[in-house]
file structure.pdb (PDB, C-alpha atoms, pLDDT in the B column)
MODEL        1
ATOM      1  CA  MET A   1     -18.659 -55.436 -27.434  1.00 51.00           C
ATOM      2  CA  VAL A   2     -16.458 -56.302 -30.406  1.00 54.00           C
ATOM      3  CA  GLN A   3     -13.711 -58.797 -29.566  1.00 60.00           C
ATOM      4  CA  TYR A   4     -10.320 -58.806 -31.213  1.00 65.00           C
ATOM      5  CA  PRO A   5      -8.063 -61.268 -29.364  1.00 68.00           C
ATOM      6  CA  GLN A   6      -4.793 -59.557 -30.343  1.00 84.00           C
ATOM      7  CA  LEU A   7      -5.973 -55.985 -29.753  1.00 90.00           C
ATOM      8  CA  ASP A   8      -4.831 -55.726 -26.113  1.00 93.00           C
ATOM      9  CA  LYS A   9      -1.250 -56.652 -27.011  1.00 93.00           C
ATOM     10  CA  THR A  10      -1.257 -54.419 -30.088  1.00 93.00           C
ATOM     11  CA  PHE A  11      -2.510 -51.311 -28.272  1.00 94.00           C
ATOM     12  CA  ALA A  12      -0.118 -51.973 -25.347  1.00 95.00           C
ATOM     13  CA  ALA A  13       2.817 -52.389 -27.761  1.00 95.00           C
ATOM     14  CA  LEU A  14       1.941 -49.090 -29.471  1.00 95.00           C
ATOM     15  CA  ALA A  15       1.621 -47.176 -26.162  1.00 95.00           C
ATOM     16  CA  ASP A  16       5.312 -46.242 -26.147  1.00 95.00           C
ATOM     17  CA  PRO A  17       7.072 -43.665 -28.356  1.00 94.00           C
ATOM     18  CA  THR A  18      10.269 -45.748 -28.627  1.00 96.00           C
ATOM     19  CA  ARG A  19       8.339 -48.800 -29.822  1.00 96.00           C
ATOM     20  CA  ARG A  20       6.416 -46.725 -32.378  1.00 95.00           C
ATOM     21  CA  GLY A  21       9.752 -45.246 -33.448  1.00 95.00           C
ATOM     22  CA  VAL A  22      11.209 -48.746 -33.882  1.00 96.00           C
ATOM     23  CA  LEU A  23       8.297 -49.698 -36.175  1.00 94.00           C
ATOM     24  CA  GLU A  24       8.836 -46.516 -38.217  1.00 92.00           C
ATOM     25  CA  ARG A  25      12.585 -47.293 -38.419  1.00 94.00           C
ATOM     26  CA  LEU A  26      11.965 -50.924 -39.478  1.00 93.00           C
ATOM     27  CA  GLY A  27       9.613 -49.655 -42.187  1.00 89.00           C
ATOM     28  CA  ARG A  28      12.760 -48.383 -43.917  1.00 87.00           C
ATOM     29  CA  GLY A  29      14.434 -51.817 -43.667  1.00 91.00           C
ATOM     30  CA  SER A  30      15.589 -54.468 -41.189  1.00 94.00           C
ATOM     31  CA  ALA A  31      18.085 -53.591 -38.435  1.00 96.00           C
ATOM     32  CA  THR A  32      20.064 -55.161 -35.590  1.00 96.00           C
ATOM     33  CA  ILE A  33      19.283 -54.424 -31.923  1.00 96.00           C
ATOM     34  CA  THR A  34      22.444 -52.246 -31.801  1.00 96.00           C
ATOM     35  CA  GLN A  35      21.333 -50.231 -34.843  1.00 96.00           C
ATOM     36  CA  LEU A  36      17.895 -49.775 -33.304  1.00 97.00           C
ATOM     37  CA  ALA A  37      19.193 -48.767 -29.853  1.00 97.00           C
ATOM     38  CA  GLU A  38      21.691 -46.165 -31.019  1.00 95.00           C
ATOM     39  CA  PRO A  39      19.406 -43.353 -32.357  1.00 94.00           C
ATOM     40  CA  PHE A  40      17.126 -43.651 -29.311  1.00 93.00           C
ATOM     41  CA  GLY A  41      20.084 -43.400 -26.907  1.00 93.00           C
ATOM     42  CA  ILE A  42      18.951 -46.408 -24.870  1.00 95.00           C
ATOM     43  CA  SER A  43      20.806 -49.531 -23.700  1.00 97.00           C
ATOM     44  CA  LEU A  44      20.833 -52.787 -25.659  1.00 95.00           C
ATOM     45  CA  THR A  45      18.959 -54.428 -22.754  1.00 96.00           C
ATOM     46  CA  GLY A  46      16.285 -51.722 -22.921  1.00 97.00           C
ATOM     47  CA  MET A  47      15.920 -52.106 -26.687  1.00 97.00           C
ATOM     48  CA  LYS A  48      15.759 -55.913 -26.390  1.00 96.00           C
ATOM     49  CA  LYS A  49      12.788 -55.536 -24.018  1.00 97.00           C
ATOM     50  CA  HIS A  50      10.979 -53.185 -26.414  1.00 98.00           C
ATOM     51  CA  VAL A  51      11.632 -55.560 -29.331  1.00 97.00           C
ATOM     52  CA  ARG A  52      10.289 -58.493 -27.297  1.00 96.00           C
ATOM     53  CA  VAL A  53       7.017 -56.606 -26.638  1.00 96.00           C
ATOM     54  CA  LEU A  54       6.708 -55.827 -30.357  1.00 96.00           C
ATOM     55  CA  GLU A  55       7.508 -59.474 -31.188  1.00 94.00           C
ATOM     56  CA  GLU A  56       4.793 -60.755 -28.826  1.00 93.00           C
ATOM     57  CA  ALA A  57       2.318 -58.426 -30.541  1.00 92.00           C
ATOM     58  CA  GLU A  58       3.508 -59.941 -33.872  1.00 91.00           C
ATOM     59  CA  LEU A  59       4.458 -56.479 -35.092  1.00 93.00           C
ATOM     60  CA  VAL A  60       8.131 -57.429 -35.389  1.00 95.00           C
ATOM     61  CA  THR A  61       9.943 -60.660 -36.250  1.00 95.00           C
ATOM     62  CA  THR A  62      13.546 -61.336 -35.275  1.00 96.00           C
ATOM     63  CA  GLU A  63      16.109 -63.780 -36.608  1.00 95.00           C
ATOM     64  CA  LYS A  64      19.407 -64.735 -35.062  1.00 93.00           C
ATOM     65  CA  VAL A  65      22.164 -64.503 -37.682  1.00 89.00           C
ATOM     66  CA  GLY A  66      25.411 -65.660 -36.067  1.00 91.00           C
ATOM     67  CA  ARG A  67      25.771 -63.593 -32.907  1.00 89.00           C
ATOM     68  CA  VAL A  68      23.513 -60.815 -34.135  1.00 90.00           C
ATOM     69  CA  ARG A  69      19.703 -60.555 -33.889  1.00 91.00           C
ATOM     70  CA  ARG A  70      18.126 -58.967 -36.994  1.00 95.00           C
ATOM     71  CA  CYS A  71      14.710 -57.335 -36.609  1.00 96.00           C
ATOM     72  CA  SER A  72      12.135 -56.821 -39.366  1.00 94.00           C
ATOM     73  CA  LEU A  73       8.510 -55.769 -39.483  1.00 91.00           C
ATOM     74  CA  GLY A  74       6.153 -58.651 -38.768  1.00 86.00           C
ATOM     75  CA  PRO A  75       3.199 -59.757 -40.888  1.00 76.00           C
ATOM     76  CA  ARG A  76       0.543 -57.782 -38.968  1.00 76.00           C
ATOM     77  CA  ARG A  77      -0.816 -54.655 -40.604  1.00 73.00           C
ATOM     78  CA  LEU A  78      -2.878 -53.167 -37.749  1.00 85.00           C
ATOM     79  CA  GLN A  79      -6.177 -54.002 -39.463  1.00 84.00           C
ATOM     80  CA  ASP A  80      -7.700 -54.708 -36.029  1.00 84.00           C
ATOM     81  CA  VAL A  81      -6.659 -51.259 -34.738  1.00 89.00           C
ATOM     82  CA  GLU A  82      -8.081 -49.620 -37.870  1.00 88.00           C
ATOM     83  CA  GLU A  83     -11.316 -51.620 -37.650  1.00 88.00           C
ATOM     84  CA  TRP A  84     -11.827 -50.782 -33.988  1.00 89.00           C
ATOM     85  CA  THR A  85     -11.150 -47.048 -34.420  1.00 89.00           C
ATOM     86  CA  GLN A  86     -13.432 -46.945 -37.500  1.00 88.00           C
ATOM     87  CA  MET A  87     -16.198 -48.720 -35.554  1.00 89.00           C
ATOM     88  CA  TYR A  88     -15.728 -46.165 -32.750  1.00 88.00           C
ATOM     89  CA  ARG A  89     -15.892 -43.246 -35.182  1.00 86.00           C
ATOM     90  CA  ARG A  90     -19.075 -44.586 -36.815  1.00 87.00           C
ATOM     91  CA  MET A  91     -20.610 -44.900 -33.352  1.00 85.00           C
ATOM     92  CA  LEU A  92     -19.715 -41.269 -32.505  1.00 83.00           C
ATOM     93  CA  ASP A  93     -21.063 -40.083 -35.882  1.00 83.00           C
ATOM     94  CA  GLU A  94     -24.362 -41.899 -35.323  1.00 82.00           C
ATOM     95  CA  ARG A  95     -24.595 -40.317 -31.890  1.00 77.00           C
ATOM     96  CA  LEU A  96     -24.028 -36.866 -33.429  1.00 74.00           C
ATOM     97  CA  ASP A  97     -26.685 -37.614 -36.071  1.00 78.00           C
ATOM     98  CA  ARG A  98     -29.199 -38.588 -33.378  1.00 76.00           C
ATOM     99  CA  PHE A  99     -28.336 -35.405 -31.469  1.00 72.00           C
ATOM    100  CA  GLY A 100     -28.863 -33.370 -34.665  1.00 77.00           C
ATOM    101  CA  GLU A 101     -32.267 -35.012 -35.232  1.00 79.00           C
ATOM    102  CA  LEU A 102     -33.244 -34.250 -31.651  1.00 76.00           C
ATOM    103  CA  LEU A 103     -32.283 -30.593 -32.160  1.00 78.00           C
ATOM    104  CA  GLU A 104     -34.352 -30.472 -35.367  1.00 83.00           C
ATOM    105  CA  ARG A 105     -37.377 -31.963 -33.593  1.00 83.00           C
ATOM    106  CA  THR A 106     -36.980 -29.515 -30.683  1.00 83.00           C
ATOM    107  CA  LYS A 107     -36.923 -26.616 -33.158  1.00 79.00           C
ATOM    108  CA  GLY A 108     -40.069 -28.053 -34.792  1.00 72.00           C
ATOM    109  CA  THR A 109     -41.845 -28.095 -31.439  1.00 69.00           C
ATOM    110  CA  GLN A 110     -40.881 -24.514 -30.670  1.00 64.00           C
ATOM    111  CA  SER A 111     -41.933 -22.964 -34.002  1.00 54.00           C
TER     112      SER A 111
ATOM    113  CA  MET B   1       9.472 -40.224 -35.924  1.00 51.00           C
ATOM    114  CA  VAL B   2       6.039 -38.634 -35.764  1.00 54.00           C
ATOM    115  CA  GLN B   3       5.162 -37.236 -32.329  1.00 60.00           C
ATOM    116  CA  TYR B   4       1.663 -37.168 -30.896  1.00 65.00           C
ATOM    117  CA  PRO B   5       1.845 -36.153 -27.221  1.00 68.00           C
ATOM    118  CA  GLN B   6      -1.419 -37.870 -26.212  1.00 84.00           C
ATOM    119  CA  LEU B   7      -0.837 -41.084 -28.154  1.00 90.00           C
ATOM    120  CA  ASP B   8       0.870 -43.033 -25.324  1.00 93.00           C
ATOM    121  CA  LYS B   9      -2.062 -42.492 -22.975  1.00 93.00           C
ATOM    122  CA  THR B  10      -4.625 -43.199 -25.688  1.00 93.00           C
ATOM    123  CA  PHE B  11      -3.050 -46.487 -26.779  1.00 94.00           C
ATOM    124  CA  ALA B  12      -2.535 -47.542 -23.129  1.00 95.00           C
ATOM    125  CA  ALA B  13      -6.167 -46.715 -22.316  1.00 95.00           C
ATOM    126  CA  LEU B  14      -7.371 -48.794 -25.275  1.00 95.00           C
ATOM    127  CA  ALA B  15      -5.185 -51.808 -24.369  1.00 95.00           C
ATOM    128  CA  ASP B  16      -7.884 -53.326 -22.154  1.00 95.00           C
ATOM    129  CA  PRO B  17     -11.115 -55.034 -23.273  1.00 94.00           C
ATOM    130  CA  THR B  18     -13.146 -53.639 -20.335  1.00 96.00           C
ATOM    131  CA  ARG B  19     -12.084 -50.065 -21.125  1.00 96.00           C
ATOM    132  CA  ARG B  20     -12.923 -50.526 -24.825  1.00 95.00           C
ATOM    133  CA  GLY B  21     -16.249 -52.010 -23.716  1.00 95.00           C
ATOM    134  CA  VAL B  22     -16.918 -48.957 -21.518  1.00 96.00           C
ATOM    135  CA  LEU B  23     -16.342 -46.651 -24.508  1.00 94.00           C
ATOM    136  CA  GLU B  24     -18.717 -48.738 -26.631  1.00 92.00           C
ATOM    137  CA  ARG B  25     -21.305 -48.638 -23.811  1.00 94.00           C
ATOM    138  CA  LEU B  26     -20.961 -44.850 -23.373  1.00 93.00           C
ATOM    139  CA  GLY B  27     -21.452 -44.455 -27.123  1.00 89.00           C
ATOM    140  CA  ARG B  28     -25.076 -45.436 -26.455  1.00 87.00           C
ATOM    141  CA  GLY B  29     -25.436 -42.781 -23.705  1.00 91.00           C
ATOM    142  CA  SER B  30     -24.005 -41.644 -20.372  1.00 94.00           C
ATOM    143  CA  ALA B  31     -23.968 -43.993 -17.379  1.00 96.00           C
ATOM    144  CA  THR B  32     -23.053 -44.131 -13.694  1.00 96.00           C
ATOM    145  CA  ILE B  33     -20.087 -46.152 -12.388  1.00 96.00           C
ATOM    146  CA  THR B  34     -22.583 -48.716 -10.993  1.00 96.00           C
ATOM    147  CA  GLN B  35     -24.328 -49.058 -14.367  1.00 96.00           C
ATOM    148  CA  LEU B  36     -20.945 -49.483 -16.071  1.00 97.00           C
ATOM    149  CA  ALA B  37     -19.613 -52.035 -13.550  1.00 97.00           C
ATOM    150  CA  GLU B  38     -22.633 -54.349 -13.561  1.00 95.00           C
ATOM    151  CA  PRO B  39     -22.511 -55.889 -17.089  1.00 94.00           C
ATOM    152  CA  PHE B  40     -18.746 -56.464 -16.788  1.00 93.00           C
ATOM    153  CA  GLY B  41     -19.165 -58.203 -13.418  1.00 93.00           C
ATOM    154  CA  ILE B  42     -16.398 -56.167 -11.791  1.00 95.00           C
ATOM    155  CA  SER B  43     -16.287 -54.190  -8.534  1.00 97.00           C
ATOM    156  CA  LEU B  44     -17.071 -50.469  -8.310  1.00 95.00           C
ATOM    157  CA  THR B  45     -13.451 -49.859  -7.258  1.00 96.00           C
ATOM    158  CA  GLY B  46     -12.223 -51.736 -10.334  1.00 97.00           C
ATOM    159  CA  MET B  47     -14.531 -49.777 -12.637  1.00 97.00           C
ATOM    160  CA  LYS B  48     -13.512 -46.472 -11.006  1.00 96.00           C
ATOM    161  CA  LYS B  49      -9.872 -47.259 -11.864  1.00 97.00           C
ATOM    162  CA  HIS B  50     -10.736 -48.027 -15.499  1.00 98.00           C
ATOM    163  CA  VAL B  51     -12.783 -44.827 -15.771  1.00 97.00           C
ATOM    164  CA  ARG B  52      -9.889 -42.814 -14.314  1.00 96.00           C
ATOM    165  CA  VAL B  53      -7.515 -44.168 -16.992  1.00 96.00           C
ATOM    166  CA  LEU B  54     -10.052 -43.271 -19.697  1.00 96.00           C
ATOM    167  CA  GLU B  55     -10.508 -39.826 -18.135  1.00 94.00           C
ATOM    168  CA  GLU B  56      -6.750 -39.158 -18.119  1.00 93.00           C
ATOM    169  CA  ALA B  57      -6.667 -40.075 -21.808  1.00 92.00           C
ATOM    170  CA  GLU B  58      -9.542 -37.571 -22.306  1.00 91.00           C
ATOM    171  CA  LEU B  59     -11.698 -40.327 -23.779  1.00 93.00           C
ATOM    172  CA  VAL B  60     -14.266 -40.017 -20.987  1.00 95.00           C
ATOM    173  CA  THR B  61     -15.527 -37.111 -18.887  1.00 95.00           C
ATOM    174  CA  THR B  62     -17.202 -37.548 -15.527  1.00 96.00           C
ATOM    175  CA  GLU B  63     -19.458 -35.290 -13.521  1.00 95.00           C
ATOM    176  CA  LYS B  64     -20.493 -35.678  -9.909  1.00 93.00           C
ATOM    177  CA  VAL B  65     -24.270 -35.304  -9.593  1.00 89.00           C
ATOM    178  CA  GLY B  66     -25.181 -35.520  -5.910  1.00 91.00           C
ATOM    179  CA  ARG B  67     -23.580 -38.744  -4.652  1.00 89.00           C
ATOM    180  CA  VAL B  68     -23.398 -40.295  -8.087  1.00 91.00           C
ATOM    181  CA  ARG B  69     -20.648 -39.950 -10.721  1.00 91.00           C
ATOM    182  CA  ARG B  70     -22.010 -39.789 -14.300  1.00 95.00           C
ATOM    183  CA  CYS B  71     -19.680 -40.793 -17.131  1.00 96.00           C
ATOM    184  CA  SER B  72     -19.934 -39.658 -20.754  1.00 94.00           C
ATOM    185  CA  LEU B  73     -17.703 -39.896 -23.797  1.00 91.00           C
ATOM    186  CA  GLY B  74     -15.023 -37.212 -23.852  1.00 86.00           C
ATOM    187  CA  PRO B  75     -14.288 -34.806 -26.697  1.00 76.00           C
ATOM    188  CA  ARG B  76     -11.452 -36.880 -28.240  1.00 75.00           C
ATOM    189  CA  ARG B  77     -12.245 -38.755 -31.419  1.00 72.00           C
ATOM    190  CA  LEU B  78      -9.098 -40.903 -31.810  1.00 85.00           C
ATOM    191  CA  GLN B  79      -7.868 -38.844 -34.779  1.00 84.00           C
ATOM    192  CA  ASP B  80      -4.277 -39.334 -33.556  1.00 84.00           C
ATOM    193  CA  VAL B  81      -4.711 -43.130 -33.483  1.00 89.00           C
ATOM    194  CA  GLU B  82      -6.218 -43.062 -36.975  1.00 88.00           C
ATOM    195  CA  GLU B  83      -3.472 -40.779 -38.290  1.00 88.00           C
ATOM    196  CA  TRP B  84      -0.704 -42.937 -36.852  1.00 89.00           C
ATOM    197  CA  THR B  85      -2.139 -46.215 -38.185  1.00 89.00           C
ATOM    198  CA  GLN B  86      -2.757 -44.637 -41.608  1.00 88.00           C
ATOM    199  CA  MET B  87       0.835 -43.344 -41.676  1.00 89.00           C
ATOM    200  CA  TYR B  88       2.024 -46.865 -40.765  1.00 88.00           C
ATOM    201  CA  ARG B  89      -0.104 -48.453 -43.502  1.00 86.00           C
ATOM    202  CA  ARG B  90       1.192 -46.007 -46.127  1.00 87.00           C
ATOM    203  CA  MET B  91       4.736 -46.859 -45.058  1.00 85.00           C
ATOM    204  CA  LEU B  92       4.056 -50.609 -45.423  1.00 83.00           C
ATOM    205  CA  ASP B  93       2.398 -50.051 -48.814  1.00 83.00           C
ATOM    206  CA  GLU B  94       5.394 -48.053 -50.063  1.00 82.00           C
ATOM    207  CA  ARG B  95       7.680 -50.826 -48.876  1.00 77.00           C
ATOM    208  CA  LEU B  96       5.585 -53.391 -50.791  1.00 75.00           C
ATOM    209  CA  ASP B  97       5.688 -51.146 -53.887  1.00 78.00           C
ATOM    210  CA  ARG B  98       9.481 -50.946 -53.675  1.00 76.00           C
ATOM    211  CA  PHE B  99       9.638 -54.727 -53.265  1.00 72.00           C
ATOM    212  CA  GLY B 100       7.392 -55.126 -56.330  1.00 78.00           C
ATOM    213  CA  GLU B 101       9.633 -52.798 -58.369  1.00 79.00           C
ATOM    214  CA  LEU B 102      12.685 -54.786 -57.294  1.00 76.00           C
ATOM    215  CA  LEU B 103      10.989 -58.021 -58.422  1.00 79.00           C
ATOM    216  CA  GLU B 104      10.140 -56.421 -61.794  1.00 83.00           C
ATOM    217  CA  ARG B 105      13.735 -55.284 -62.273  1.00 84.00           C
ATOM    218  CA  THR B 106      15.056 -58.732 -61.298  1.00 83.00           C
ATOM    219  CA  LYS B 107      12.730 -60.291 -63.891  1.00 79.00           C
ATOM    220  CA  GLY B 108      14.022 -57.780 -66.467  1.00 72.00           C
ATOM    221  CA  THR B 109      17.620 -58.793 -65.738  1.00 69.00           C
ATOM    222  CA  GLN B 110      16.811 -62.472 -66.101  1.00 64.00           C
ATOM    223  CA  SER B 111      14.842 -62.309 -69.375  1.00 54.00           C
TER     224      SER B 111
ENDMDL
END
call {"tool": "encode", "arguments": {"input": "structure.pdb", "output": "C-alpha cells"}}
result
Amino acid sequence: MVQYPQLDKTFAALADPTRRGVLERLGRGSATITQLAEPFGISLTGMKKHVRVLEEAELVTTEKVGRVRRCSLGPRRLQDVEEWTQMYRRMLDERLDRFGELLERTKGTQS
Amino acid sequence: MVQYPQLDKTFAALADPTRRGVLERLGRGSATITQLAEPFGISLTGMKKHVRVLEEAELVTTEKVGRVRRCSLGPRRLQDVEEWTQMYRRMLDERLDRFGELLERTKGTQS
C-alpha cells in the first residue's frame, strides 16, 4: 500500500464541484471570497467553508488585506494525485497483460 | 468549469487510505469481504461500508456467491481523475508561462 500523507485531504477537497470550480477560477488569478462566491450563487459563509477545506489541503492560500481576504492557488501541484492514479493505471494494465497471456496459453492448449 | 458527473463520488471514494488499499489489493485479484478486512485489522461491518462506497463509485463490483460476497475491481479506470488533474496542471503551467513572460517584459523595460 503506497502512503501519501496528504492524499486523504487532497481527494476530499477535490470531491466537490464548487471547490474544483474555485481552483479553476483561481487559476485565472487571485480573488476575494465575495468574487468567488458570486458566480456559484452561494453565501459568503458557504464559500468561506469551501476555501478553508482547500486551504487545509494546501491547494489554496489566503491573505487578509485590510478587511478583505484574498485567495490564490497554493503551492501544491497534485503530484500525489497524479502519482497514485498512474500507479493504479499501471496495476490495471499489468492485470490486463496477465489476462492476455492466460488467454494466449489457453489457446495454445486447445490447438 | 469542466463537469464530470462521477468525479465527486470518485474523489470521495479515494479520500480514505483503507479504500485505496482495497483497490490496490483487488488489483492483485478478487477477494471476499473477510479477506479484505483481515490485513487492515477492521471489522467486517467496517469493510462492508468501505466496499459499498467503492461500489457506488463504480470502482469495485461485488457478487454474492453462496453466503460469501466476492469483490473485484470495477470497470472504471479513473480517466476522469486523470483528465481533471492534467487539465489543472496545464492551467498551472500556462500561468507560470504568463508569469515568465511578464518577468521577461519587466527585464526588457529595465534594461
call {"tool": "resolve_selection", "arguments": {"input": "structure.pdb", "expression": "the PyMOL selection byres ((chain A) within 6 of (chain B))", "output": "list in words"}}
result
Met1, Asp8, Phe11, Ala12, Ala15, Asp16 and Gly21 of chain A
call {"tool": "atom_distance", "arguments": {"input": "structure.pdb", "atom1": "CA of Pro39 (chain A)", "atom2": "CA of Pro75 (chain A)"}}
result
24.6 Å
call {"tool": "axis_aligned_box", "arguments": {"input": "structure.pdb", "around": "region 78-95 of chain A", "padding_each_side": "8 Å", "output": "AutoDock Vina command-line options"}}
result
--center_x -13.7 --center_y -47.4 --center_z -35.7 --size_x 37.7 --size_y 30.6 --size_z 23.6
call {"tool": "resolve_selection", "arguments": {"input": "structure.pdb", "expression": "the PyMOL selection byres ((chain B and resi 41-53) around 9)", "output": "mmCIF file with C-alpha atoms, keeping the file's coordinate frame"}}
result
data_model
loop_
_atom_site.group_PDB
_atom_site.id
_atom_site.type_symbol
_atom_site.label_atom_id
_atom_site.label_comp_id
_atom_site.auth_asym_id
_atom_site.auth_seq_id
_atom_site.Cartn_x
_atom_site.Cartn_y
_atom_site.Cartn_z
ATOM 1 C CA LYS B 9 -2.062 -42.492 -22.975
ATOM 2 C CA ALA B 12 -2.535 -47.542 -23.129
ATOM 3 C CA ALA B 13 -6.167 -46.715 -22.316
ATOM 4 C CA ASP B 16 -7.884 -53.326 -22.154
ATOM 5 C CA THR B 18 -13.146 -53.639 -20.335
ATOM 6 C CA ARG B 19 -12.084 -50.065 -21.125
ATOM 7 C CA VAL B 22 -16.918 -48.957 -21.518
ATOM 8 C CA ILE B 33 -20.087 -46.152 -12.388
ATOM 9 C CA THR B 34 -22.583 -48.716 -10.993
ATOM 10 C CA LEU B 36 -20.945 -49.483 -16.071
ATOM 11 C CA ALA B 37 -19.613 -52.035 -13.550
ATOM 12 C CA GLU B 38 -22.633 -54.349 -13.561
ATOM 13 C CA PRO B 39 -22.511 -55.889 -17.089
ATOM 14 C CA PHE B 40 -18.746 -56.464 -16.788
ATOM 15 C CA LEU B 54 -10.052 -43.271 -19.697
ATOM 16 C CA GLU B 55 -10.508 -39.826 -18.135
ATOM 17 C CA GLU B 56 -6.750 -39.158 -18.119
ATOM 18 C CA ALA B 57 -6.667 -40.075 -21.808
ATOM 19 C CA GLU B 58 -9.542 -37.571 -22.306
ATOM 20 C CA LEU B 59 -11.698 -40.327 -23.779
ATOM 21 C CA VAL B 60 -14.266 -40.017 -20.987
ATOM 22 C CA THR B 61 -15.527 -37.111 -18.887
ATOM 23 C CA THR B 62 -17.202 -37.548 -15.527
ATOM 24 C CA CYS B 71 -19.680 -40.793 -17.131
#
call {"tool": "atom_distance", "arguments": {"input": "structure.pdb", "atom1": "CA of Glu63 (chain A)", "atom2": "CA of Thr32 (chain A)"}}
result
9.5 Å
call {"tool": "atom_distance", "arguments": {"input": "structure.pdb", "atom1": "CA of Gln35 (chain B)", "atom2": "CA of Arg67 (chain B)"}}
result
14.2 Å
